[in-house]
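Just start_19.txt here, compact mmCIF, C-alpha atoms and all ligand atoms:
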# COMPACT_ATOMS: atom_id res chain seq x y z
CA MET A 1 16.55 1.35 10.12
CA ALA A 2 15.13 3.31 7.18
CA LYS A 3 11.39 3.96 7.24
CA LYS A 4 9.67 2.29 4.30
CA VAL A 5 7.61 4.59 2.08
CA ALA A 6 4.96 3.34 -0.34
CA VAL A 7 5.14 5.48 -3.46
CA VAL A 8 1.70 5.72 -5.07
CA VAL A 9 1.69 7.32 -8.51
CA GLY A 10 -1.64 8.45 -9.91
CA SER A 11 -0.77 7.81 -13.56
CA LEU A 12 -0.48 4.55 -15.48
CA ARG A 13 1.06 6.20 -18.55
CA LYS A 14 4.38 4.69 -19.62
CA GLY A 15 6.08 8.07 -20.02
CA SER A 16 4.33 9.60 -17.00
CA PHE A 17 5.87 12.86 -15.79
CA SER A 18 4.43 12.10 -12.36
CA ARG A 19 6.38 8.84 -12.23
CA LEU A 20 9.56 10.66 -13.26
CA VAL A 21 9.00 13.24 -10.53
CA ALA A 22 8.40 10.39 -8.05
CA LYS A 23 11.65 8.78 -9.17
CA THR A 24 13.47 12.08 -8.66
CA CYS A 25 11.98 12.34 -5.15
CA THR A 26 13.46 8.96 -4.26
CA GLU A 27 16.86 9.99 -5.68
CA VAL A 28 17.11 13.19 -3.64
CA SER A 29 15.64 11.77 -0.43
CA PRO A 30 17.57 11.45 2.83
CA ALA A 31 18.79 7.89 3.50
CA SER A 32 16.40 7.61 6.44
CA LEU A 33 13.68 6.67 3.93
CA SER A 34 13.48 3.66 1.61
CA PHE A 35 10.92 3.35 -1.16
CA GLU A 36 8.63 0.83 -2.76
CA PHE A 37 6.65 1.79 -5.87
CA ILE A 38 3.13 0.40 -5.62
CA ASP A 39 1.52 -0.80 -8.85
CA ILE A 40 -2.06 0.47 -8.82
CA GLY A 41 -2.67 -0.31 -12.50
CA LYS A 42 -3.63 -3.94 -11.99
CA VAL A 43 -6.08 -3.25 -9.19
CA SER A 44 -9.60 -3.96 -10.37
CA LEU A 45 -12.42 -1.50 -9.76
CA TYR A 46 -13.95 -1.36 -6.33
CA ASN A 47 -17.32 -3.06 -6.00
CA GLN A 48 -18.73 -3.42 -2.50
CA ASP A 49 -20.46 -6.67 -3.49
CA LEU A 50 -17.02 -8.25 -3.89
CA ASP A 51 -15.65 -6.95 -0.61
CA THR A 52 -16.17 -10.20 1.26
CA ASP A 53 -13.82 -12.55 3.13
CA SER A 54 -12.38 -13.55 -0.25
CA PRO A 55 -12.02 -10.31 -2.22
CA PRO A 56 -10.33 -10.12 -5.66
CA ALA A 57 -6.65 -11.05 -5.54
CA SER A 58 -5.60 -7.68 -6.93
CA TRP A 59 -7.23 -5.93 -3.96
CA GLN A 60 -5.47 -8.18 -1.48
CA GLU A 61 -2.15 -7.60 -3.25
CA LEU A 62 -2.59 -3.85 -2.97
CA ARG A 63 -3.56 -4.04 0.69
CA GLU A 64 -0.65 -6.36 1.53
CA ALA A 65 1.79 -4.09 -0.32
CA ILE A 66 0.71 -0.99 1.60
CA ARG A 67 0.18 -2.54 5.05
CA PRO A 68 3.85 -3.09 6.04
CA CYS A 69 4.93 0.37 4.87
CA ASP A 70 5.50 3.10 7.42
CA ALA A 71 4.42 6.02 5.25
CA VAL A 72 3.04 6.98 1.84
CA LEU A 73 4.16 9.41 -0.84
CA PHE A 74 1.44 10.31 -3.34
CA VAL A 75 2.62 11.72 -6.65
CA THR A 76 -0.25 12.54 -8.93
CA PRO A 77 -1.31 14.29 -12.08
CA GLU A 78 -4.57 16.18 -12.32
CA TYR A 79 -7.51 14.98 -14.38
CA ASN A 80 -10.29 17.50 -14.82
CA ARG A 81 -9.13 19.48 -11.80
CA SER A 82 -9.15 16.43 -9.53
CA MET A 83 -7.21 13.24 -8.90
CA PRO A 84 -7.32 10.49 -11.53
CA GLY A 85 -9.86 7.71 -10.98
CA VAL A 86 -7.16 5.04 -10.74
CA LEU A 87 -5.74 6.76 -7.69
CA LYS A 88 -9.12 7.19 -6.00
CA ASN A 89 -9.88 3.53 -6.74
CA ALA A 90 -6.66 2.43 -5.03
CA ILE A 91 -7.39 4.66 -2.05
CA ASP A 92 -10.91 3.25 -1.72
CA ILE A 93 -9.73 -0.35 -1.96
CA GLY A 94 -7.04 0.20 0.67
CA SER A 95 -9.61 1.78 2.96
CA ARG A 96 -11.82 -1.32 3.26
CA PRO A 97 -13.08 -3.46 4.95
CA TYR A 98 -14.31 -0.73 7.28
CA GLY A 99 -12.09 -0.52 10.34
CA LYS A 100 -9.23 -2.35 8.62
CA SER A 101 -7.92 0.44 6.39
CA VAL A 102 -4.27 -0.04 5.45
CA TRP A 103 -3.85 3.74 5.28
CA ASP A 104 -4.74 4.42 8.91
CA THR A 105 -2.19 6.66 10.75
CA LYS A 106 0.43 6.45 7.97
CA PRO A 107 2.06 9.85 7.48
CA CYS A 108 1.99 11.04 3.90
CA ALA A 109 2.90 13.83 1.52
CA ILE A 110 1.51 14.88 -1.83
CA VAL A 111 3.37 16.00 -4.91
CA SER A 112 1.10 17.09 -7.76
CA VAL A 113 2.46 17.27 -11.28
CA SER A 114 1.32 18.81 -14.54
CA PRO A 115 2.73 19.91 -17.88
CA GLY A 116 0.57 23.00 -17.32
CA ALA A 117 1.51 26.04 -15.26
CA VAL A 118 -0.81 25.52 -12.28
CA GLY A 119 0.95 22.35 -11.06
CA ALA A 120 -2.21 20.27 -10.54
CA PHE A 121 -3.36 22.31 -7.54
CA GLY A 122 -6.89 20.90 -7.89
CA ALA A 123 -5.74 17.28 -7.67
CA ASN A 124 -3.45 18.07 -4.77
CA HIS A 125 -6.23 19.57 -2.69
CA HIS A 126 -8.95 17.09 -3.65
CA LEU A 127 -6.60 14.35 -2.53
CA ARG A 128 -6.24 16.00 0.87
CA GLN A 129 -9.96 15.55 1.56
CA PRO A 130 -10.06 11.71 1.81
CA LEU A 131 -6.75 11.74 3.67
CA VAL A 132 -8.47 13.56 6.54
CA PHE A 133 -11.09 10.85 6.82
CA LEU A 134 -8.46 8.13 6.42
CA ASN A 135 -6.56 9.50 9.42
CA MET A 136 -3.34 10.05 7.46
CA PRO A 137 -1.27 12.97 8.71
CA ALA A 138 -0.58 14.84 5.45
CA MET A 139 2.41 17.17 5.41
CA GLN A 140 1.23 20.75 5.00
CA GLN A 141 4.53 22.50 4.25
CA PRO A 142 6.25 22.69 1.94
CA GLU A 143 3.47 22.22 -0.61
CA ALA A 144 4.54 20.70 -3.94
CA TYR A 145 2.86 21.81 -7.16
CA ILE A 146 5.18 20.83 -9.98
CA GLY A 147 4.17 22.72 -13.13
CA ASN A 148 5.70 22.67 -16.63
CA ALA A 149 6.69 19.06 -16.02
CA GLY A 150 6.95 18.36 -19.74
CA LYS A 151 10.14 20.39 -19.97
CA MET A 152 12.06 19.01 -17.01
CA PHE A 153 13.45 15.70 -18.15
CA ASP A 154 15.96 14.51 -20.73
CA ASP A 155 15.31 11.52 -22.96
CA SER A 156 16.56 9.12 -20.29
CA GLY A 157 14.05 10.49 -17.76
CA LYS A 158 16.63 12.36 -15.70
CA MET A 159 15.48 15.66 -14.23
CA THR A 160 17.43 18.47 -15.84
CA ASN A 161 15.76 21.37 -14.05
CA ASP A 162 18.11 22.27 -11.19
CA SER A 163 15.71 24.51 -9.28
CA THR A 164 13.01 21.81 -9.22
CA ARG A 165 15.55 19.19 -8.13
CA GLU A 166 16.66 21.53 -5.37
CA PHE A 167 13.06 22.15 -4.33
CA LEU A 168 12.35 18.40 -4.24
CA THR A 169 15.49 17.87 -2.15
CA LYS A 170 14.14 20.30 0.46
CA PHE A 171 10.67 18.79 0.18
CA MET A 172 11.97 15.27 0.84
CA ALA A 173 14.12 16.46 3.77
CA ALA A 174 10.98 17.96 5.34
CA TYR A 175 9.03 14.79 4.57
CA ALA A 176 11.68 12.60 6.25
CA ILE A 177 11.27 14.69 9.42
CA TRP A 178 7.46 14.44 9.06
CA VAL A 179 7.66 10.65 8.79
CA GLU A 180 9.95 10.44 11.81
CA ARG A 181 7.59 12.59 13.84
CA HIS A 182 4.48 10.59 12.92
CA THR A 183 5.71 7.01 13.16
CA PRO A 184 6.36 4.93 16.29
CA LYS A 185 9.92 5.22 17.62
C1 LIG B 1 -8.72 12.96 -18.73
C2 LIG B 1 -7.66 14.01 -18.59
C3 LIG B 1 -7.93 15.17 -17.91
C4 LIG B 1 -6.92 16.13 -17.72
N1 LIG B 1 -7.19 17.22 -16.96
C5 LIG B 1 -6.16 18.05 -16.59
C6 LIG B 1 -6.37 19.07 -15.61
O1 LIG B 1 -7.43 19.25 -15.06
N2 LIG B 1 -5.29 19.82 -15.26
C7 LIG B 1 -4.05 19.64 -15.82
O2 LIG B 1 -3.12 20.35 -15.45
N3 LIG B 1 -3.84 18.69 -16.76
C8 LIG B 1 -4.87 17.89 -17.15
N4 LIG B 1 -4.65 16.88 -18.05
C9 LIG B 1 -3.35 16.77 -18.70
C10 LIG B 1 -2.38 15.97 -17.82
O3 LIG B 1 -1.78 16.86 -16.90
C11 LIG B 1 -1.29 15.34 -18.71
O4 LIG B 1 -1.87 14.39 -19.57
C12 LIG B 1 -0.19 14.73 -17.87
O5 LIG B 1 0.88 14.36 -18.70
C13 LIG B 1 -0.70 13.52 -17.09
O6 LIG B 1 0.24 13.13 -16.11
P1 LIG B 1 1.35 12.02 -16.38
O7 LIG B 1 2.36 12.65 -17.31
O8 LIG B 1 1.92 11.73 -15.03
O9 LIG B 1 0.67 10.84 -17.01
C14 LIG B 1 -5.64 15.93 -18.28
C15 LIG B 1 -5.39 14.75 -19.00
C16 LIG B 1 -6.37 13.80 -19.15
C17 LIG B 1 -6.05 12.52 -19.89

Could you render the structure as C-alpha cells?
Ligand SMILES: Cc1cc2nc3c(=O)[nH]c(=O)nc-3n(C[C@H](O)[C@H](O)[C@H](O)COP(=O)(O)O)c2cc1C
Amino acid sequence: MAKKVAVVVGSLRKGSFSRLVAKTCTEVSPASLSFEFIDIGKVSLYNQDLDTDSPPASWQELREAIRPCDAVLFVTPEYNRSMPGVLKNAIDIGSRPYGKSVWDTKPCAIVSVSPGAVGAFGANHHLRQPLVFLNMPAMQQPEAYIGNAGKMFDDSGKMTNDSTREFLTKFMAAYAIWVERHTPK
C-alpha cells in the first residue's frame, strides 16, 4: 500500500509558488507515495495556556491530520532568511503536548522555494534545526533549493521548466526510498 505523505506548505498565499512546486512534486512522485495537503492557515497561534486537555479545535484538527500520515514533505518559501511564522506555528502545535508530538519518527524532506536566485537556502536550513529535536529523519540528499520560481509556471499553474521538473522527479524518487527506509515494514 502507498505510504501517506502529509504535504505541509509554508505559504498561505493563493498564488503561492511553493504550493505549485508542492503540486508538481506530487505529480512526478513514484506511485509508492500518496499525498494529503495539510491546511495550516486555519491553525490558531500557539499559546501554552491553551494547551490543556481541551485545546483549540484547530490544533486538534492539525494534530489529527498529521498523526495517521507516514511521512511529511515540507515545501516552504523563505521569509527574512528563515521559515515563515505560519510554518513554525504549525510545527510547534504538532509537537505538543510534550511527549505526544505527531511529528515523532516521521521521515521528511524539505523543498525550499523562492522567486530569487538563492532558492530559500536560509529557510531550508533553519527548518532542519527543529526537525533534529523533533526526531524526524530529514533527507539530506538531494537538497532542493528551487530558485527563480516566478518564471516556472504557466497561467494554469503547470510547471513549464523541464530541468526543474526533471530534478523534482529525481528528488521524489530519492524521497520515496527514504520514506521506505524510515517507516515500519
Ligand atoms: C515577509 C517577507 C519576507 C521575505 N523574505 C524573503 C527572503 O528572505 N528570501 C527570499 O528569497 N524571499 C523573501 N521574500 C519573498 C518571497 O520569496 C516571495 O514573496 C515568495 O513568492 C513567497 O513564497 P510563495 O510564492 O510560496 O508565497 C519575502 C517575502 C515576505 C512577504

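Near region 38-51 of chain A, within a cut-off of 9 Å and counting all atoms listed in the file, sit the residues Ala6, Val7, Val8, Val9, Gly10, Ser11, Leu12, Glu36, Asp53, Ser54, Pro55, Pro56, Ala57, Ser58, Trp59, Glu61, Leu62, Ala65, Ile66, Val86, Leu87, Asn89, Ala90, Asp92, Ile93, Arg96 and Pro97 of chain A, with same-chain residues fewer than 2 positions away left out.
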
Check which residues of chain A sit at most 12 Å from ligand LIG 1 (chain B) using only C-alpha atoms and all ligand atoms, and return one row each with the closest pair of atoms and their distance in Å to one decimal, ordered by chain and rising number, as JSON lines.
{"residue": "A:Val8", "atom": "CA", "partner": "B:LIG1", "partner_atom": "O8", "distance": 11.6}
{"residue": "A:Val9", "atom": "CA", "partner": "B:LIG1", "partner_atom": "O8", "distance": 7.9}
{"residue": "A:Gly10", "atom": "CA", "partner": "B:LIG1", "partner_atom": "O8", "distance": 7.0}
{"residue": "A:Ser11", "atom": "CA", "partner": "B:LIG1", "partner_atom": "O9", "distance": 4.8}
{"residue": "A:Leu12", "atom": "CA", "partner": "B:LIG1", "partner_atom": "O9", "distance": 6.6}
{"residue": "A:Arg13", "atom": "CA", "partner": "B:LIG1", "partner_atom": "O9", "distance": 4.9}
{"residue": "A:Lys14", "atom": "CA", "partner": "B:LIG1", "partner_atom": "O9", "distance": 7.6}
{"residue": "A:Gly15", "atom": "CA", "partner": "B:LIG1", "partner_atom": "O7", "distance": 6.5}
{"residue": "A:Ser16", "atom": "CA", "partner": "B:LIG1", "partner_atom": "O7", "distance": 3.6}
{"residue": "A:Phe17", "atom": "CA", "partner": "B:LIG1", "partner_atom": "O7", "distance": 3.8}
{"residue": "A:Ser18", "atom": "CA", "partner": "B:LIG1", "partner_atom": "O8", "distance": 3.7}
{"residue": "A:Arg19", "atom": "CA", "partner": "B:LIG1", "partner_atom": "O8", "distance": 6.0}
{"residue": "A:Leu20", "atom": "CA", "partner": "B:LIG1", "partner_atom": "O8", "distance": 7.9}
{"residue": "A:Val21", "atom": "CA", "partner": "B:LIG1", "partner_atom": "O8", "distance": 8.5}
{"residue": "A:Ala22", "atom": "CA", "partner": "B:LIG1", "partner_atom": "O8", "distance": 9.6}
{"residue": "A:Lys23", "atom": "CA", "partner": "B:LIG1", "partner_atom": "O8", "distance": 11.7}
{"residue": "A:Phe74", "atom": "CA", "partner": "B:LIG1", "partner_atom": "O8", "distance": 11.8}
{"residue": "A:Val75", "atom": "CA", "partner": "B:LIG1", "partner_atom": "O8", "distance": 8.4}
{"residue": "A:Thr76", "atom": "CA", "partner": "B:LIG1", "partner_atom": "O8", "distance": 6.5}
{"residue": "A:Pro77", "atom": "CA", "partner": "B:LIG1", "partner_atom": "O6", "distance": 4.5}
{"residue": "A:Glu78", "atom": "CA", "partner": "B:LIG1", "partner_atom": "N2", "distance": 4.7}
{"residue": "A:Tyr79", "atom": "CA", "partner": "B:LIG1", "partner_atom": "N1", "distance": 3.4}
{"residue": "A:Asn80", "atom": "CA", "partner": "B:LIG1", "partner_atom": "O1", "distance": 3.4}
{"residue": "A:Arg81", "atom": "CA", "partner": "B:LIG1", "partner_atom": "O1", "distance": 3.7}
{"residue": "A:Ser82", "atom": "CA", "partner": "B:LIG1", "partner_atom": "O1", "distance": 6.4}
{"residue": "A:Met83", "atom": "CA", "partner": "B:LIG1", "partner_atom": "O1", "distance": 8.6}
{"residue": "A:Pro84", "atom": "CA", "partner": "B:LIG1", "partner_atom": "C1", "distance": 7.7}
{"residue": "A:Gly85", "atom": "CA", "partner": "B:LIG1", "partner_atom": "C1", "distance": 9.4}
{"residue": "A:Val86", "atom": "CA", "partner": "B:LIG1", "partner_atom": "C1", "distance": 11.4}
{"residue": "A:Leu87", "atom": "CA", "partner": "B:LIG1", "partner_atom": "O8", "distance": 11.7}
{"residue": "A:Val111", "atom": "CA", "partner": "B:LIG1", "partner_atom": "O8", "distance": 11.1}
{"residue": "A:Ser112", "atom": "CA", "partner": "B:LIG1", "partner_atom": "O8", "distance": 9.1}
{"residue": "A:Val113", "atom": "CA", "partner": "B:LIG1", "partner_atom": "O8", "distance": 6.7}
{"residue": "A:Ser114", "atom": "CA", "partner": "B:LIG1", "partner_atom": "O3", "distance": 4.4}
{"residue": "A:Pro115", "atom": "CA", "partner": "B:LIG1", "partner_atom": "O3", "distance": 5.5}
{"residue": "A:Gly116", "atom": "CA", "partner": "B:LIG1", "partner_atom": "O2", "distance": 4.9}
{"residue": "A:Ala117", "atom": "CA", "partner": "B:LIG1", "partner_atom": "O2", "distance": 7.3}
{"residue": "A:Val118", "atom": "CA", "partner": "B:LIG1", "partner_atom": "O2", "distance": 6.5}
{"residue": "A:Gly119", "atom": "CA", "partner": "B:LIG1", "partner_atom": "O2", "distance": 6.3}
{"residue": "A:Ala120", "atom": "CA", "partner": "B:LIG1", "partner_atom": "O2", "distance": 5.0}
{"residue": "A:Phe121", "atom": "CA", "partner": "B:LIG1", "partner_atom": "O2", "distance": 8.2}
{"residue": "A:Gly122", "atom": "CA", "partner": "B:LIG1", "partner_atom": "O1", "distance": 7.4}
{"residue": "A:Ala123", "atom": "CA", "partner": "B:LIG1", "partner_atom": "O1", "distance": 7.8}
{"residue": "A:Asn124", "atom": "CA", "partner": "B:LIG1", "partner_atom": "N2", "distance": 10.8}
{"residue": "A:His126", "atom": "CA", "partner": "B:LIG1", "partner_atom": "O1", "distance": 11.7}
{"residue": "A:Tyr145", "atom": "CA", "partner": "B:LIG1", "partner_atom": "O2", "distance": 10.3}
{"residue": "A:Ile146", "atom": "CA", "partner": "B:LIG1", "partner_atom": "O2", "distance": 10.0}
{"residue": "A:Gly147", "atom": "CA", "partner": "B:LIG1", "partner_atom": "O2", "distance": 8.0}
{"residue": "A:Asn148", "atom": "CA", "partner": "B:LIG1", "partner_atom": "O2", "distance": 9.2}
{"residue": "A:Ala149", "atom": "CA", "partner": "B:LIG1", "partner_atom": "O7", "distance": 7.8}
{"residue": "A:Gly150", "atom": "CA", "partner": "B:LIG1", "partner_atom": "O5", "distance": 7.3}
{"residue": "A:Lys151", "atom": "CA", "partner": "B:LIG1", "partner_atom": "O5", "distance": 11.1}
{"residue": "A:Met152", "atom": "CA", "partner": "B:LIG1", "partner_atom": "O7", "distance": 11.6}
{"residue": "A:Phe153", "atom": "CA", "partner": "B:LIG1", "partner_atom": "O7", "distance": 11.5}
{"residue": "A:Gly157", "atom": "CA", "partner": "B:LIG1", "partner_atom": "O7", "distance": 11.9}

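Between CA of Ser34 (chain A) and CA of Ala71 (chain A) there is a distance of 10.0 Å.
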
Q: Considering all atoms listed in the file, return as a list in words whatever protein or nucleic-acid residues lie within 6 Å of Cys108 (chain A), sequence-local ones (same chain, fewer than 4 positions apart) excluded.
A: Ala71, Val72, Leu73 and Ala138 of chain A

Q.
Could you tell me how far CA of Val5 (chain A) sits from CA of Met159 (chain A), in Å to one decimal place?
A. 21.2 Å

Q. What's the 7 Å shell around Val28 (chain A), counting only C-alpha atoms, without same-chain residues fewer than 3 positions away, as a ChimeraX atom specification?
A. /A:24-25,169

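Taking all atoms listed in the file into account, Ser101 (chain A) lies nearest to A:Glu64 out of the set A:Glu166, A:Glu180, A:Asp155, A:Glu64.
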
Q) What does the distance from CA of Asp70 (chain A) to CA of Lys106 (chain A) come to in Å, to one decimal? A) 6.1 Å

May I ask you to restore all heavy atoms in region 28-39 of chain A and write the result as a PDB file, in the coordinates of the input?
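Now in result.pdb:
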ATOM      1  N   VAL A  28      16.600  12.057  -4.443  1.00  0.00           N
ATOM      2  CA  VAL A  28      17.110  13.190  -3.640  1.00  0.00           C
ATOM      3  C   VAL A  28      16.772  13.037  -2.159  1.00  0.00           C
ATOM      4  O   VAL A  28      17.093  13.909  -1.360  1.00  0.00           O
ATOM      5  CB  VAL A  28      16.575  14.541  -4.164  1.00  0.00           C
ATOM      6  CG1 VAL A  28      16.980  14.759  -5.617  1.00  0.00           C
ATOM      7  CG2 VAL A  28      15.056  14.645  -4.014  1.00  0.00           C
ATOM      8  N   SER A  29      16.109  11.945  -1.811  1.00  0.00           N
ATOM      9  CA  SER A  29      15.640  11.770  -0.430  1.00  0.00           C
ATOM     10  C   SER A  29      16.791  11.494   0.542  1.00  0.00           C
ATOM     11  O   SER A  29      17.786  10.858   0.179  1.00  0.00           O
ATOM     12  CB  SER A  29      14.681  10.573  -0.383  1.00  0.00           C
ATOM     13  OG  SER A  29      14.411  10.230   0.944  1.00  0.00           O
ATOM     14  N   PRO A  30      16.622  11.899   1.802  1.00  0.00           N
ATOM     15  CA  PRO A  30      17.570  11.450   2.830  1.00  0.00           C
ATOM     16  C   PRO A  30      17.551   9.922   2.937  1.00  0.00           C
ATOM     17  O   PRO A  30      16.527   9.281   2.634  1.00  0.00           O
ATOM     18  CB  PRO A  30      17.006  12.064   4.126  1.00  0.00           C
ATOM     19  CG  PRO A  30      16.119  13.174   3.694  1.00  0.00           C
ATOM     20  CD  PRO A  30      15.584  12.798   2.346  1.00  0.00           C
ATOM     21  N   ALA A  31      18.665   9.350   3.407  1.00  0.00           N
ATOM     22  CA  ALA A  31      18.790   7.890   3.500  1.00  0.00           C
ATOM     23  C   ALA A  31      17.904   7.290   4.578  1.00  0.00           C
ATOM     24  O   ALA A  31      17.784   6.057   4.675  1.00  0.00           O
ATOM     25  CB  ALA A  31      20.249   7.524   3.756  1.00  0.00           C
ATOM     26  N   SER A  32      17.277   8.136   5.381  1.00  0.00           N
ATOM     27  CA  SER A  32      16.400   7.610   6.440  1.00  0.00           C
ATOM     28  C   SER A  32      15.103   7.035   5.876  1.00  0.00           C
ATOM     29  O   SER A  32      14.314   6.449   6.607  1.00  0.00           O
ATOM     30  CB  SER A  32      16.076   8.699   7.464  1.00  0.00           C
ATOM     31  OG  SER A  32      15.385   9.767   6.844  1.00  0.00           O
ATOM     32  N   LEU A  33      14.878   7.225   4.572  1.00  0.00           N
ATOM     33  CA  LEU A  33      13.680   6.670   3.930  1.00  0.00           C
ATOM     34  C   LEU A  33      14.087   5.668   2.848  1.00  0.00           C
ATOM     35  O   LEU A  33      15.046   5.896   2.106  1.00  0.00           O
ATOM     36  CB  LEU A  33      12.851   7.786   3.268  1.00  0.00           C
ATOM     37  CG  LEU A  33      12.356   8.923   4.161  1.00  0.00           C
ATOM     38  CD1 LEU A  33      11.601   9.965   3.333  1.00  0.00           C
ATOM     39  CD2 LEU A  33      11.466   8.395   5.281  1.00  0.00           C
ATOM     40  N   SER A  34      13.337   4.560   2.764  1.00  0.00           N
ATOM     41  CA  SER A  34      13.480   3.660   1.610  1.00  0.00           C
ATOM     42  C   SER A  34      12.134   3.621   0.904  1.00  0.00           C
ATOM     43  O   SER A  34      11.114   3.998   1.488  1.00  0.00           O
ATOM     44  CB  SER A  34      13.905   2.258   2.061  1.00  0.00           C
ATOM     45  OG  SER A  34      12.856   1.669   2.798  1.00  0.00           O
ATOM     46  N   PHE A  35      12.123   3.179  -0.351  1.00  0.00           N
ATOM     47  CA  PHE A  35      10.920   3.350  -1.160  1.00  0.00           C
ATOM     48  C   PHE A  35      10.501   2.073  -1.868  1.00  0.00           C
ATOM     49  O   PHE A  35      11.338   1.304  -2.351  1.00  0.00           O
ATOM     50  CB  PHE A  35      11.166   4.445  -2.221  1.00  0.00           C
ATOM     51  CG  PHE A  35      11.453   5.778  -1.597  1.00  0.00           C
ATOM     52  CD1 PHE A  35      12.762   6.172  -1.331  1.00  0.00           C
ATOM     53  CD2 PHE A  35      10.423   6.627  -1.245  1.00  0.00           C
ATOM     54  CE1 PHE A  35      13.037   7.392  -0.727  1.00  0.00           C
ATOM     55  CE2 PHE A  35      10.678   7.854  -0.643  1.00  0.00           C
ATOM     56  CZ  PHE A  35      11.989   8.231  -0.387  1.00  0.00           C
ATOM     57  N   GLU A  36       9.190   1.908  -1.941  1.00  0.00           N
ATOM     58  CA  GLU A  36       8.630   0.830  -2.760  1.00  0.00           C
ATOM     59  C   GLU A  36       7.525   1.420  -3.640  1.00  0.00           C
ATOM     60  O   GLU A  36       6.546   1.973  -3.122  1.00  0.00           O
ATOM     61  CB  GLU A  36       8.051  -0.269  -1.880  1.00  0.00           C
ATOM     62  CG  GLU A  36       7.491  -1.395  -2.718  1.00  0.00           C
ATOM     63  CD  GLU A  36       7.048  -2.580  -1.877  1.00  0.00           C
ATOM     64  OE1 GLU A  36       7.566  -2.765  -0.765  1.00  0.00           O
ATOM     65  OE2 GLU A  36       6.164  -3.301  -2.366  1.00  0.00           O
ATOM     66  N   PHE A  37       7.696   1.313  -4.955  1.00  0.00           N
ATOM     67  CA  PHE A  37       6.650   1.790  -5.870  1.00  0.00           C
ATOM     68  C   PHE A  37       5.511   0.776  -5.895  1.00  0.00           C
ATOM     69  O   PHE A  37       5.739  -0.416  -6.112  1.00  0.00           O
ATOM     70  CB  PHE A  37       7.216   1.997  -7.281  1.00  0.00           C
ATOM     71  CG  PHE A  37       7.939   3.317  -7.441  1.00  0.00           C
ATOM     72  CD1 PHE A  37       9.189   3.506  -6.876  1.00  0.00           C
ATOM     73  CD2 PHE A  37       7.364   4.362  -8.141  1.00  0.00           C
ATOM     74  CE1 PHE A  37       9.855   4.727  -6.998  1.00  0.00           C
ATOM     75  CE2 PHE A  37       8.013   5.583  -8.265  1.00  0.00           C
ATOM     76  CZ  PHE A  37       9.265   5.774  -7.695  1.00  0.00           C
ATOM     77  N   ILE A  38       4.309   1.265  -5.669  1.00  0.00           N
ATOM     78  CA  ILE A  38       3.130   0.400  -5.620  1.00  0.00           C
ATOM     79  C   ILE A  38       2.441   0.447  -6.990  1.00  0.00           C
ATOM     80  O   ILE A  38       2.159   1.525  -7.505  1.00  0.00           O
ATOM     81  CB  ILE A  38       2.135   0.889  -4.536  1.00  0.00           C
ATOM     82  CG1 ILE A  38       2.842   1.035  -3.171  1.00  0.00           C
ATOM     83  CG2 ILE A  38       0.925  -0.025  -4.463  1.00  0.00           C
ATOM     84  CD1 ILE A  38       3.338  -0.226  -2.540  1.00  0.00           C
ATOM     85  N   ASP A  39       2.182  -0.737  -7.546  1.00  0.00           N
ATOM     86  CA  ASP A  39       1.520  -0.800  -8.850  1.00  0.00           C
ATOM     87  C   ASP A  39       0.007  -0.769  -8.645  1.00  0.00           C
ATOM     88  O   ASP A  39      -0.580  -1.739  -8.186  1.00  0.00           O
ATOM     89  CB  ASP A  39       1.952  -2.102  -9.550  1.00  0.00           C
ATOM     90  CG  ASP A  39       1.339  -2.208 -10.947  1.00  0.00           C
ATOM     91  OD1 ASP A  39       0.663  -1.254 -11.380  1.00  0.00           O
ATOM     92  OD2 ASP A  39       1.552  -3.252 -11.594  1.00  0.00           O
TER      93      ASP A  39
END
